[in-house]
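**Student:** So that you have it, the file is coords-v7.pdb, and it contains PDB, C-alpha atoms:
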```
ATOM      1  CA  MET A   1     -30.832-118.135-140.485
ATOM      2  CA  THR A   2     -31.932-117.290-136.915
ATOM      3  CA  LYS A   3     -35.503-116.552-138.060
ATOM      4  CA  GLY A   4     -35.593-119.939-139.843
ATOM      5  CA  ILE A   5     -34.517-121.792-136.704
ATOM      6  CA  LEU A   6     -37.123-119.968-134.581
ATOM      7  CA  LEU A   7     -39.873-120.719-137.112
ATOM      8  CA  THR A   8     -38.964-124.410-137.164
ATOM      9  CA  ALA A   9     -38.984-124.578-133.359
ATOM     10  CA  ALA A  10     -42.394-122.874-133.233
ATOM     11  CA  LEU A  11     -43.834-125.350-135.722
ATOM     12  CA  ALA A  12     -42.433-128.251-133.677
ATOM     13  CA  VAL A  13     -44.051-126.962-130.476
ATOM     14  CA  ALA A  14     -47.375-126.418-132.233
ATOM     15  CA  LEU A  15     -47.330-129.858-133.808
ATOM     16  CA  GLY A  16     -46.396-131.495-130.488
ATOM     17  CA  ALA A  17     -49.281-129.719-128.743
ATOM     18  CA  THR A  18     -51.690-130.867-131.444
ATOM     19  CA  LEU A  19     -50.548-134.480-131.178
ATOM     20  CA  THR A  20     -50.886-134.359-127.380
ATOM     21  CA  ALA A  21     -54.391-132.917-127.588
ATOM     22  CA  CYS A  22     -55.449-135.576-130.103
ATOM     23  CA  GLY A  23     -54.008-138.282-127.899
ATOM     24  CA  LYS A  24     -55.945-137.047-124.858
ATOM     25  CA  LYS A  25     -59.133-136.808-126.861
ATOM     26  CA  SER A  26     -58.905-140.335-128.272
ATOM     27  CA  LYS A  27     -58.058-141.765-124.851
ATOM     28  CA  GLY A  28     -61.341-140.659-123.331
ATOM     29  CA  ALA A  29     -63.527-141.470-126.339
ATOM     30  CA  GLY A  30     -65.802-144.477-125.975
ATOM     31  CA  ASN A  31     -69.109-146.166-126.869
ATOM     32  CA  PHE A  32     -71.669-148.168-124.913
ATOM     33  CA  ARG A  33     -73.186-151.576-125.303
ATOM     34  CA  SER A  34     -76.432-152.654-123.722
ATOM     35  CA  VAL A  35     -76.960-155.562-121.309
ATOM     36  CA  THR A  36     -80.252-156.826-119.946
ATOM     37  CA  VAL A  37     -81.248-157.520-116.344
ATOM     38  CA  THR A  38     -82.241-161.179-116.237
ATOM     39  CA  LYS A  39     -83.489-163.709-113.703
ATOM     40  CA  GLY A  40     -81.612-166.880-112.888
ATOM     41  CA  PRO A  41     -79.628-168.855-110.308
ATOM     42  CA  ILE A  42     -76.547-167.511-108.547
ATOM     43  CA  LYS A  43     -74.250-169.332-106.174
ATOM     44  CA  LEU A  44     -71.518-168.041-103.879
ATOM     45  CA  THR A  45     -68.851-170.708-103.444
ATOM     46  CA  VAL A  46     -65.459-171.318-101.873
ATOM     47  CA  LYS A  47     -63.234-173.708-103.809
ATOM     48  CA  THR A  48     -60.247-175.609-102.471
ATOM     49  CA  THR A  49     -58.587-179.025-102.498
ATOM     50  CA  GLY A  50     -58.255-181.829 -99.991
ATOM     51  CA  THR A  51     -57.335-185.454 -99.393
ATOM     52  CA  ALA A  52     -59.511-188.467 -98.620
ATOM     53  CA  GLN A  53     -58.637-190.045 -95.294
ATOM     54  CA  PRO A  54     -60.265-191.902 -92.395
ATOM     55  CA  GLU A  55     -61.800-189.588 -89.825
ATOM     56  CA  ASN A  56     -60.753-192.067 -87.144
ATOM     57  CA  ARG A  57     -58.153-194.708 -87.958
ATOM     58  CA  LEU A  58     -57.651-197.535 -85.504
ATOM     59  CA  GLU A  59     -54.955-200.206 -85.515
ATOM     60  CA  VAL A  60     -55.995-203.572 -84.044
ATOM     61  CA  LYS A  61     -53.176-205.457 -82.276
ATOM     62  CA  PRO A  62     -53.197-208.960 -80.754
ATOM     63  CA  PRO A  63     -53.706-209.358 -76.991
ATOM     64  CA  VAL A  64     -50.910-211.943 -76.773
ATOM     65  CA  ALA A  65     -47.978-213.036 -78.906
ATOM     66  CA  GLY A  66     -48.557-216.052 -81.078
ATOM     67  CA  ARG A  67     -49.445-217.302 -84.566
ATOM     68  CA  ILE A  68     -52.311-216.203 -86.810
ATOM     69  CA  GLU A  69     -54.454-219.264 -87.557
ATOM     70  CA  LYS A  70     -57.259-217.692 -89.626
ATOM     71  CA  VAL A  71     -58.105-214.304 -91.095
ATOM     72  CA  LEU A  72     -61.880-213.928 -91.321
ATOM     73  CA  VAL A  73     -62.232-210.571 -93.120
ATOM     74  CA  VAL A  74     -61.018-208.936 -96.332
ATOM     75  CA  GLU A  75     -59.972-205.379 -97.126
ATOM     76  CA  GLY A  76     -62.907-203.072 -97.755
ATOM     77  CA  GLN A  77     -65.291-205.171 -95.683
ATOM     78  CA  TYR A  78     -67.578-203.402 -93.215
ATOM     79  CA  VAL A  79     -67.682-205.031 -89.780
ATOM     80  CA  ARG A  80     -69.541-204.461 -86.539
ATOM     81  CA  LYS A  81     -68.130-203.966 -83.073
ATOM     82  CA  GLY A  82     -67.301-207.341 -81.489
ATOM     83  CA  GLN A  83     -67.069-209.205 -84.811
ATOM     84  CA  VAL A  84     -64.195-211.710 -85.011
ATOM     85  CA  LEU A  85     -61.515-210.440 -87.388
ATOM     86  CA  ALA A  86     -58.951-213.246 -86.961
ATOM     87  CA  LEU A  87     -58.074-216.244 -84.788
ATOM     88  CA  LEU A  88     -54.750-216.387 -82.959
ATOM     89  CA  SER A  89     -52.954-219.273 -81.299
ATOM     90  CA  SER A  90     -50.871-218.149 -78.366
ATOM     91  CA  SER A  91     -47.246-219.230 -78.407
ATOM     92  CA  GLU A  92     -48.063-222.076 -75.971
ATOM     93  CA  ARG A  93     -51.065-223.297 -78.034
ATOM     94  CA  ALA A  94     -49.074-223.126 -81.254
ATOM     95  CA  ALA A  95     -46.281-225.238 -79.724
ATOM     96  CA  LEU A  96     -48.800-227.751 -78.355
ATOM     97  CA  LEU A  97     -50.565-228.177 -81.712
ATOM     98  CA  ASP A  98     -47.273-228.555 -83.551
ATOM     99  CA  ALA A  99     -46.308-231.361 -81.144
ATOM    100  CA  ALA A 100     -49.734-233.043 -81.504
ATOM    101  CA  ARG A 101     -49.354-233.223 -85.286
ATOM    102  CA  ALA A 102     -46.736-235.937 -84.748
ATOM    103  CA  ASP A 103     -49.508-238.091 -83.203
ATOM    104  CA  GLY A 104     -51.909-237.625 -86.093
ATOM    105  CA  PRO A 105     -55.061-235.621 -86.957
ATOM    106  CA  ALA A 106     -57.072-237.017 -84.042
ATOM    107  CA  ALA A 107     -54.611-235.610 -81.518
ATOM    108  CA  VAL A 108     -54.629-232.224 -83.235
ATOM    109  CA  ALA A 109     -58.441-232.130 -83.212
ATOM    110  CA  HIS A 110     -58.486-233.070 -79.528
ATOM    111  CA  TRP A 111     -56.195-230.233 -78.496
ATOM    112  CA  GLU A 112     -57.873-227.720 -80.835
ATOM    113  CA  ASP A 113     -61.180-228.433 -79.120
ATOM    114  CA  LEU A 114     -59.674-228.421 -75.650
ATOM    115  CA  TYR A 115     -57.467-225.355 -76.116
ATOM    116  CA  LYS A 116     -59.418-222.752 -78.073
ATOM    117  CA  ALA A 117     -57.805-220.114 -80.284
ATOM    118  CA  THR A 118     -57.877-216.514 -79.136
ATOM    119  CA  PRO A 119     -60.281-214.334 -81.166
ATOM    120  CA  ILE A 120     -59.200-210.853 -82.287
ATOM    121  CA  LEU A 121     -62.327-208.665 -82.190
ATOM    122  CA  ALA A 122     -63.337-205.474 -83.975
ATOM    123  CA  PRO A 123     -63.287-202.647 -81.412
ATOM    124  CA  MET A 124     -65.825-200.520 -83.328
ATOM    125  CA  ASN A 125     -68.176-200.442 -86.293
ATOM    126  CA  GLY A 126     -66.249-199.592 -89.417
ATOM    127  CA  GLN A 127     -64.384-200.694 -92.499
ATOM    128  CA  VAL A 128     -61.283-202.834 -92.810
ATOM    129  CA  ILE A 129     -58.872-200.630 -94.742
ATOM    130  CA  ASN A 130     -55.709-202.717 -94.388
ATOM    131  CA  LEU A 131     -54.804-206.305 -93.533
ATOM    132  CA  GLU A 132     -51.293-206.590 -92.148
ATOM    133  CA  VAL A 133     -51.051-210.380 -91.621
ATOM    134  CA  ASP A 134     -51.569-213.741 -93.322
ATOM    135  CA  PRO A 135     -52.482-217.115 -91.781
ATOM    136  CA  GLY A 136     -49.429-218.819 -90.289
ATOM    137  CA  GLN A 137     -47.640-215.549 -89.561
ATOM    138  CA  THR A 138     -46.117-215.054 -86.121
ATOM    139  CA  VAL A 139     -46.980-211.761 -84.423
ATOM    140  CA  GLY A 140     -46.087-209.945 -81.218
ATOM    141  CA  VAL A 141     -48.311-207.828 -79.030
ATOM    142  CA  GLY A 142     -47.073-204.650 -80.752
ATOM    143  CA  ASP A 143     -47.739-205.820 -84.306
ATOM    144  CA  VAL A 144     -50.744-204.511 -86.252
ATOM    145  CA  VAL A 145     -53.141-207.199 -87.435
ATOM    146  CA  VAL A 146     -55.865-205.036 -88.998
ATOM    147  CA  ALA A 147     -56.285-201.302 -89.636
ATOM    148  CA  MET A 148     -59.853-200.002 -89.434
ATOM    149  CA  SER A 149     -61.657-196.782 -90.229
ATOM    150  CA  ASP A 150     -65.042-195.624 -89.040
ATOM    151  CA  HIS A 151     -65.633-193.814 -92.363
ATOM    152  CA  LEU A 152     -63.745-191.861 -94.998
ATOM    153  CA  ILE A 153     -63.837-188.077 -95.121
ATOM    154  CA  VAL A 154     -62.157-185.393 -97.214
ATOM    155  CA  ASN A 155     -59.720-183.246 -95.259
ATOM    156  CA  ALA A 156     -59.914-179.883 -97.067
ATOM    157  CA  GLN A 157     -57.527-176.979 -96.502
ATOM    158  CA  VAL A 158     -59.279-173.592 -96.434
ATOM    159  CA  ASP A 159     -57.463-170.255 -96.569
ATOM    160  CA  GLU A 160     -57.887-168.018 -93.515
ATOM    161  CA  THR A 161     -59.502-165.359 -95.739
ATOM    162  CA  ASP A 162     -62.336-167.800 -96.542
ATOM    163  CA  ILE A 163     -62.656-169.735 -93.289
ATOM    164  CA  GLY A 164     -65.222-167.235 -91.938
ATOM    165  CA  LYS A 165     -67.619-168.304 -94.699
ATOM    166  CA  VAL A 166     -67.413-172.007 -93.817
ATOM    167  CA  LYS A 167     -69.717-173.355 -91.100
ATOM    168  CA  ASN A 168     -70.517-176.785 -89.682
ATOM    169  CA  GLY A 169     -73.204-178.433 -91.778
ATOM    170  CA  LEU A 170     -72.365-176.372 -94.876
ATOM    171  CA  LYS A 171     -73.031-178.268 -98.097
ATOM    172  CA  ALA A 172     -70.172-179.150-100.439
ATOM    173  CA  GLN A 173     -69.578-180.909-103.726
ATOM    174  CA  LEU A 174     -66.676-183.382-103.879
ATOM    175  CA  THR A 175     -64.798-184.591-106.957
ATOM    176  CA  LEU A 176     -61.906-187.026-106.767
ATOM    177  CA  ASP A 177     -59.019-186.444-109.161
ATOM    178  CA  ALA A 178     -59.074-190.145-110.016
ATOM    179  CA  TYR A 179     -62.757-189.903-111.059
ATOM    180  CA  PRO A 180     -63.228-186.359-112.443
ATOM    181  CA  ASP A 181     -66.610-187.174-114.013
ATOM    182  CA  LYS A 182     -68.180-188.338-110.739
ATOM    183  CA  THR A 183     -69.223-185.606-108.297
ATOM    184  CA  PHE A 184     -70.932-186.451-105.015
ATOM    185  CA  PRO A 185     -72.359-184.361-102.147
ATOM    186  CA  GLY A 186     -70.968-183.864 -98.666
ATOM    187  CA  LYS A 187     -71.212-181.519 -95.714
ATOM    188  CA  VAL A 188     -68.830-179.938 -93.225
ATOM    189  CA  SER A 189     -68.535-182.083 -90.103
ATOM    190  CA  GLN A 190     -65.680-180.300 -88.310
ATOM    191  CA  ILE A 191     -63.491-177.184 -88.559
ATOM    192  CA  ARG A 192     -60.169-177.629 -86.802
ATOM    193  CA  TYR A 193     -59.133-174.926 -84.346
ATOM    194  CA  GLU A 194     -55.396-175.034 -84.940
ATOM    195  CA  ALA A 195     -54.044-173.409 -88.090
ATOM    196  CA  ILE A 196     -51.397-174.878 -90.361
ATOM    197  CA  THR A 197     -48.998-173.039 -92.675
ATOM    198  CA  VAL A 198     -48.739-174.129 -96.304
ATOM    199  CA  ASN A 199     -46.300-172.184 -98.530
ATOM    200  CA  ASN A 200     -46.389-169.260 -96.066
ATOM    201  CA  VAL A 201     -50.212-169.180 -96.211
ATOM    202  CA  THR A 202     -52.324-169.747 -93.089
ATOM    203  CA  MET A 203     -54.830-172.559 -93.652
ATOM    204  CA  TYR A 204     -57.378-174.476 -91.593
ATOM    205  CA  ASN A 205     -58.275-178.145 -91.979
ATOM    206  CA  VAL A 206     -61.976-178.673 -92.617
ATOM    207  CA  TYR A 207     -63.432-182.186 -92.475
ATOM    208  CA  VAL A 208     -66.054-182.858 -95.156
ATOM    209  CA  LEU A 209     -68.197-185.953 -94.656
ATOM    210  CA  PRO A 210     -69.697-187.467 -97.828
ATOM    211  CA  VAL A 211     -73.451-187.996 -97.624
ATOM    212  CA  LYS A 212     -72.716-191.504 -98.898
ATOM    213  CA  VAL A 213     -69.151-192.696 -99.315
ATOM    214  CA  PRO A 214     -68.833-193.996-102.907
ATOM    215  CA  GLY A 215     -67.392-197.447-103.377
ATOM    216  CA  PHE A 216     -64.558-196.129-105.543
ATOM    217  CA  MET A 217     -63.288-193.706-102.872
ATOM    218  CA  ARG A 218     -59.960-194.681-101.323
ATOM    219  CA  SER A 219     -57.871-193.203 -98.550
ATOM    220  CA  GLY A 220     -55.176-190.887 -99.901
ATOM    221  CA  MET A 221     -57.037-189.764-103.026
ATOM    222  CA  SER A 222     -56.848-186.073-103.922
ATOM    223  CA  ALA A 223     -60.140-184.201-104.188
ATOM    224  CA  ASP A 224     -61.567-180.883-105.357
ATOM    225  CA  VAL A 225     -63.979-179.334-102.873
ATOM    226  CA  GLU A 226     -66.578-176.665-103.599
ATOM    227  CA  PHE A 227     -68.428-175.237-100.591
ATOM    228  CA  THR A 228     -71.798-173.610-101.312
ATOM    229  CA  VAL A 229     -71.800-170.565 -99.032
ATOM    230  CA  ASP A 230     -75.088-169.113-100.309
ATOM    231  CA  SER A 231     -77.313-169.504-103.335
ATOM    232  CA  LYS A 232     -80.547-168.245-104.898
ATOM    233  CA  GLU A 233     -82.498-169.849-107.705
ATOM    234  CA  ASP A 234     -84.492-166.844-108.985
ATOM    235  CA  ALA A 235     -82.371-163.726-108.526
ATOM    236  CA  LEU A 236     -82.173-160.553-110.613
ATOM    237  CA  LEU A 237     -78.773-160.718-112.275
ATOM    238  CA  LEU A 238     -76.500-158.284-114.032
ATOM    239  CA  PRO A 239     -72.916-158.680-115.299
ATOM    240  CA  THR A 240     -70.585-157.397-112.603
ATOM    241  CA  GLU A 241     -68.730-155.205-115.117
ATOM    242  CA  ALA A 242     -71.864-153.080-115.554
ATOM    243  CA  ILE A 243     -71.869-151.978-111.897
ATOM    244  CA  LYS A 244     -69.934-148.954-110.679
ATOM    245  CA  THR A 245     -69.301-147.763-107.131
ATOM    246  CA  GLU A 246     -68.747-144.236-105.898
ATOM    247  CA  ASN A 247     -68.553-143.135-102.254
ATOM    248  CA  GLY A 248     -69.794-146.548-101.156
ATOM    249  CA  GLN A 249     -72.907-146.389-103.364
ATOM    250  CA  SER A 250     -73.400-148.762-106.316
ATOM    251  CA  TYR A 251     -74.958-147.474-109.506
ATOM    252  CA  VAL A 252     -75.441-148.329-113.177
ATOM    253  CA  LEU A 253     -75.738-146.285-116.356
ATOM    254  CA  VAL A 254     -78.997-146.267-118.331
ATOM    255  CA  ALA A 255     -79.970-144.437-121.498
ATOM    256  CA  ASP A 256     -81.601-141.040-121.012
ATOM    257  CA  PRO A 257     -83.678-140.062-124.115
ATOM    258  CA  ALA A 258     -83.808-136.441-122.977
ATOM    259  CA  ASN A 259     -80.022-136.100-122.881
ATOM    260  CA  LYS A 260     -77.100-137.350-124.897
ATOM    261  CA  LYS A 261     -75.316-138.586-121.787
ATOM    262  CA  PRO A 262     -76.503-141.668-119.850
ATOM    263  CA  LYS A 263     -77.871-141.142-116.371
ATOM    264  CA  HIS A 264     -76.888-142.801-113.098
ATOM    265  CA  VAL A 265     -79.352-145.144-111.366
ATOM    266  CA  GLU A 266     -78.532-146.167-107.795
ATOM    267  CA  ILE A 267     -78.935-149.858-106.983
ATOM    268  CA  GLN A 268     -78.563-152.285-104.105
ATOM    269  CA  THR A 269     -76.628-155.511-104.631
ATOM    270  CA  GLY A 270     -76.580-158.968-103.049
ATOM    271  CA  LEU A 271     -74.607-162.075-103.952
ATOM    272  CA  VAL A 272     -71.601-161.781-106.246
ATOM    273  CA  ASP A 273     -70.054-164.819-107.952
ATOM    274  CA  GLY A 274     -67.414-162.858-109.857
ATOM    275  CA  LYS A 275     -69.110-162.751-113.250
ATOM    276  CA  GLN A 276     -72.623-161.883-112.117
ATOM    277  CA  THR A 277     -74.088-159.752-109.342
ATOM    278  CA  GLU A 278     -77.515-160.016-107.737
ATOM    279  CA  ILE A 279     -79.613-156.821-107.881
ATOM    280  CA  THR A 280     -81.859-156.465-104.831
ATOM    281  CA  ASP A 281     -83.230-152.958-105.492
ATOM    282  CA  GLY A 282     -83.228-150.267-108.186
ATOM    283  CA  LEU A 283     -83.815-152.370-111.310
ATOM    284  CA  GLN A 284     -86.351-154.807-112.713
ATOM    285  CA  GLU A 285     -86.168-157.792-115.015
ATOM    286  CA  GLY A 286     -85.774-156.673-118.619
ATOM    287  CA  ASP A 287     -84.215-153.289-117.844
ATOM    288  CA  GLN A 288     -81.417-152.226-120.189
ATOM    289  CA  VAL A 289     -78.115-151.134-118.658
ATOM    290  CA  LEU A 290     -75.207-149.525-120.470
ATOM    291  CA  VAL A 291     -71.640-150.795-120.261
ATOM    292  CA  ALA A 292     -68.831-148.537-121.468
ATOM    293  CA  VAL A 293     -66.685-149.867-124.287
ATOM    294  CA  PHE A 294     -63.555-147.760-124.693
ATOM    295  CA  ASN A 295     -62.045-147.313-128.143
ATOM    296  CA  SER A 296     -58.340-147.841-128.441
ATOM    297  CA  GLY A 297     -58.356-145.446-131.416
ATOM    298  CA  SER A 298     -55.529-145.463-133.923
ATOM    299  CA  LYS A 299     -52.275-147.129-133.012
ATOM    300  CA  SER A 300     -50.612-144.167-131.388
ATOM    301  CA  GLY A 301     -47.402-146.163-131.078
ATOM    302  CA  ALA A 302     -47.145-146.289-134.859
ATOM    303  CA  THR A 303     -47.013-142.480-135.126
ATOM    304  CA  ALA A 304     -43.561-141.015-134.738
ATOM    305  CA  ASN A 305     -42.832-137.404-133.912
ATOM    306  CA  PRO A 306     -40.403-136.222-136.569
ATOM    307  CA  PHE A 307     -39.217-133.398-134.341
ATOM    308  CA  MET A 308     -38.015-135.691-131.547
ATOM    309  CA  PRO A 309     -34.441-136.981-131.666
ATOM    310  CA  GLY A 310     -34.132-140.384-133.247
ATOM    311  CA  GLY A 311     -37.803-140.405-134.226
ATOM    312  CA  ARG A 312     -38.778-141.901-130.842
ATOM    313  CA  PRO A 313     -42.405-143.084-130.914
ATOM    314  CA  ALA A 314     -45.022-141.076-129.081
ATOM    315  CA  THR A 315     -46.099-142.449-125.717
ATOM    316  CA  GLY A 316     -49.592-143.706-124.922
ATOM    317  CA  GLY A 317     -51.476-143.729-121.641
ATOM    318  CA  GLY A 318     -49.322-143.807-118.541
ATOM    319  CA  GLY A 319     -46.284-142.559-120.497
ATOM    320  CA  ARG A 320     -45.239-146.067-121.643
ATOM    321  CA  PRO A 321     -43.971-146.580-125.180
ATOM    322  CA  SER A 322     -46.777-148.178-127.149
ATOM    323  CA  GLY A 323     -44.693-150.734-128.964
ATOM    324  CA  GLY A 324     -46.421-153.684-127.186
ATOM    325  CA  GLY A 325     -44.855-156.319-124.937
ATOM    326  CA  GLY A 326     -46.118-154.649-121.745
ATOM    327  CA  GLY A 327     -44.304-151.368-122.408
ATOM    328  CA  ARG A 328     -40.907-152.904-123.057
ATOM    329  CA  PRO A 329     -38.710-150.879-125.422
TER     330      PRO A 329
END
```
Show this structure as structure tokens.
**Tutor:**
Amino acid sequence: MTKGILLTAALAVALGATLTACGKKSKGAGNFRSVTVTKGPIKLTVKTTGTAQPENRLEVKPPVAGRIEKVLVVEGQYVRKGQVLALLSSSERAALLDAARADGPAAVAHWEDLYKATPILAPMNGQVINLEVDPGQTVGVGDVVVAMSDHLIVNAQVDETDIGKVKNGLKAQLTLDAYPDKTFPGKVSQIRYEAITVNNVTMYNVYVLPVKVPGFMRSGMSADVEFTVDSKEDALLLPTEAIKTENGQSYVLVADPANKKPKHVEIQTGLVDGKQTEITDGLQEGDQVLVAVFNSGSKSGATANPFMPGGRPATGGGGRPSGGGGGRP
């Protein structure tokens, strides 16, 4: 009986060792696929979001209290500095004209010519973005008659990890959420010095000025912003997954006809857009590079060790049970 127990234990140990060895062997086994060095464009970008808003918003208020007689502009209209936006009767003029109306149109015309209305002038070149009054409305000196903007910009929020890549004059592509099929160019006009915190992330406001403000753009619209940090039109390109790094040196694997194993070729890299990497030295257009493709082998999780209590499944790489679901039992 004792000899039988010892023999069974020995067989269990031997079988366990064999399974372990097979598992280690299959884990490292792999094949290669070939990719070609090509030429094409590559672009390094920083993507973020922003909001359309006036770069400078100015509220025009009346010089004296009184009544609005005429409004001479409409929303969206571009005006020049000094242009008359509205005509205002002071409180005294309004009272005088109201009294003259009892004497007929001739009396009203006489006093209108003698006592001119006060013009409200545009203080700068820009666009009327909001009209706050209507003819006949009474206003005080603190009431807003017209809101103006010099021009619309996109206020983009850039993460502190990317702000070093953004410079004044940098080109950008703008797309409004309301018009996703219409993209238009812009450039960085200002990078604010003071940081803001959004969801515990340090951000900087970056003003992006459209090259030409489209007619459909409105203040408050959300926008997607893509800054072009650097780009090349005719670069040597290779999938980033094909490039390895060891001790600070990048290299790739190429087939070696004299040996069964591929050989290392050191390279120098340039721009990286995530999927592709620019090759600046070490390879030429048309060169074939090997990319390792690891075999998962047989489903090790489906093999149970009959000598383990409860028939617990064998573990795969990292010691996790291989039953799927991210290693959950």
**Student:** Tell me, as a list in words, which residues lie within 10 Å of region 112-115 of chain A, counting only C-alpha atoms; anything in the same chain fewer than 5 positions away does not count.
**Tutor:**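 Non-adjacent residues within range: Ser89, Glu92, Arg93, Ala94, Leu96, Leu97, Ala100, Ala106 and Ala107 of chain A.
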**Student:** Evaluating the PyMOL selection byres ((chain A and resi 50-67) around 9) on the displayed file yields which residues, as a VMD selection string?
**Tutor:** chain A and resid 48 to 49 68 to 69 87 to 94 118 to 124 135 to 157 176 205 to 207 209 217 to 225
**Student:** Just to confirm, what's the straight-line distance from CA of Val133 (chain A) to CA of Gly104 (chain A) in Å (one decimal)?
**Tutor:**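 Those two atoms sit 27.8 Å apart.
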**Student:** For Tyr251 (chain A), which residue among A:Pro239, A:Gly274, A:Gly282, A:Pro180 is the nearest when counting all atoms listed in the file?
**Tutor:**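 Looking only at the distances to Tyr251 (chain A), the closest residue turns out to be A:Gly282.
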**Student:** Which distance in Å separates CA of Thr175 (chain A) and CA of Asp159 (chain A), to one decimal?
**Tutor:**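 CA of Thr175 (chain A) sits 19.2 Å away from CA of Asp159 (chain A).
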**Student:** One decimal, in Å: what's the spacing between CA of Gly76 (chain A) and CA of Val128 (chain A)?
**Tutor:** 5.2 Å
**Student:** Could I get region 184-201 of chain A rebuilt with N, CA and C atoms, written as a PDB file, in the coordinates of the input?
**Tutor:**
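Saved the output as part03.pdb:
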```pdb
ATOM      1  N   PHE A 184     -69.990-185.987-106.025  1.00  0.00           N
ATOM      2  CA  PHE A 184     -70.932-186.451-105.015  1.00  0.00           C
ATOM      3  C   PHE A 184     -71.006-185.437-103.875  1.00  0.00           C
ATOM      4  N   PRO A 185     -72.155-185.383-103.174  1.00  0.00           N
ATOM      5  CA  PRO A 185     -72.359-184.361-102.147  1.00  0.00           C
ATOM      6  C   PRO A 185     -71.736-184.727-100.809  1.00  0.00           C
ATOM      7  N   GLY A 186     -71.462-183.699-100.031  1.00  0.00           N
ATOM      8  CA  GLY A 186     -70.968-183.864 -98.666  1.00  0.00           C
ATOM      9  C   GLY A 186     -71.355-182.658 -97.841  1.00  0.00           C
ATOM     10  N   LYS A 187     -70.955-182.665 -96.582  1.00  0.00           N
ATOM     11  CA  LYS A 187     -71.212-181.519 -95.714  1.00  0.00           C
ATOM     12  C   LYS A 187     -70.094-181.399 -94.692  1.00  0.00           C
ATOM     13  N   VAL A 188     -69.891-180.195 -94.191  1.00  0.00           N
ATOM     14  CA  VAL A 188     -68.830-179.938 -93.225  1.00  0.00           C
ATOM     15  C   VAL A 188     -69.196-180.586 -91.893  1.00  0.00           C
ATOM     16  N   SER A 189     -68.294-181.432 -91.389  1.00  0.00           N
ATOM     17  CA  SER A 189     -68.535-182.083 -90.103  1.00  0.00           C
ATOM     18  C   SER A 189     -67.691-181.489 -88.989  1.00  0.00           C
ATOM     19  N   GLN A 190     -66.545-180.862 -89.346  1.00  0.00           N
ATOM     20  CA  GLN A 190     -65.680-180.300 -88.310  1.00  0.00           C
ATOM     21  C   GLN A 190     -64.726-179.284 -88.924  1.00  0.00           C
ATOM     22  N   ILE A 191     -64.491-178.188 -88.185  1.00  0.00           N
ATOM     23  CA  ILE A 191     -63.491-177.184 -88.559  1.00  0.00           C
ATOM     24  C   ILE A 191     -62.446-177.178 -87.457  1.00  0.00           C
ATOM     25  N   ARG A 192     -61.218-177.530 -87.811  1.00  0.00           N
ATOM     26  CA  ARG A 192     -60.169-177.629 -86.802  1.00  0.00           C
ATOM     27  C   ARG A 192     -59.797-176.245 -86.280  1.00  0.00           C
ATOM     28  N   TYR A 193     -59.432-176.204 -84.995  1.00  0.00           N
ATOM     29  CA  TYR A 193     -59.133-174.926 -84.346  1.00  0.00           C
ATOM     30  C   TYR A 193     -57.704-174.460 -84.606  1.00  0.00           C
ATOM     31  N   GLU A 194     -56.803-175.411 -84.783  1.00  0.00           N
ATOM     32  CA  GLU A 194     -55.396-175.034 -84.940  1.00  0.00           C
ATOM     33  C   GLU A 194     -55.060-174.836 -86.411  1.00  0.00           C
ATOM     34  N   ALA A 195     -54.422-173.720 -86.709  1.00  0.00           N
ATOM     35  CA  ALA A 195     -54.044-173.409 -88.090  1.00  0.00           C
ATOM     36  C   ALA A 195     -52.788-174.168 -88.490  1.00  0.00           C
ATOM     37  N   ILE A 196     -52.617-174.335 -89.800  1.00  0.00           N
ATOM     38  CA  ILE A 196     -51.397-174.878 -90.361  1.00  0.00           C
ATOM     39  C   ILE A 196     -50.874-173.875 -91.386  1.00  0.00           C
ATOM     40  N   THR A 197     -49.600-173.940 -91.695  1.00  0.00           N
ATOM     41  CA  THR A 197     -48.998-173.039 -92.675  1.00  0.00           C
ATOM     42  C   THR A 197     -48.551-173.842 -93.882  1.00  0.00           C
ATOM     43  N   VAL A 198     -49.074-173.468 -95.046  1.00  0.00           N
ATOM     44  CA  VAL A 198     -48.739-174.129 -96.304  1.00  0.00           C
ATOM     45  C   VAL A 198     -48.216-173.065 -97.265  1.00  0.00           C
ATOM     46  N   ASN A 199     -46.925-173.166 -97.631  1.00  0.00           N
ATOM     47  CA  ASN A 199     -46.300-172.184 -98.530  1.00  0.00           C
ATOM     48  C   ASN A 199     -46.508-170.754 -98.023  1.00  0.00           C
ATOM     49  N   ASN A 200     -46.287-170.571 -96.724  1.00  0.00           N
ATOM     50  CA  ASN A 200     -46.389-169.260 -96.066  1.00  0.00           C
ATOM     51  C   ASN A 200     -47.816-168.713 -96.056  1.00  0.00           C
ATOM     52  N   VAL A 201     -48.801-169.579 -96.256  1.00  0.00           N
ATOM     53  CA  VAL A 201     -50.212-169.180 -96.211  1.00  0.00           C
ATOM     54  C   VAL A 201     -50.873-169.898 -95.039  1.00  0.00           C
TER      55      VAL A 201
END
```
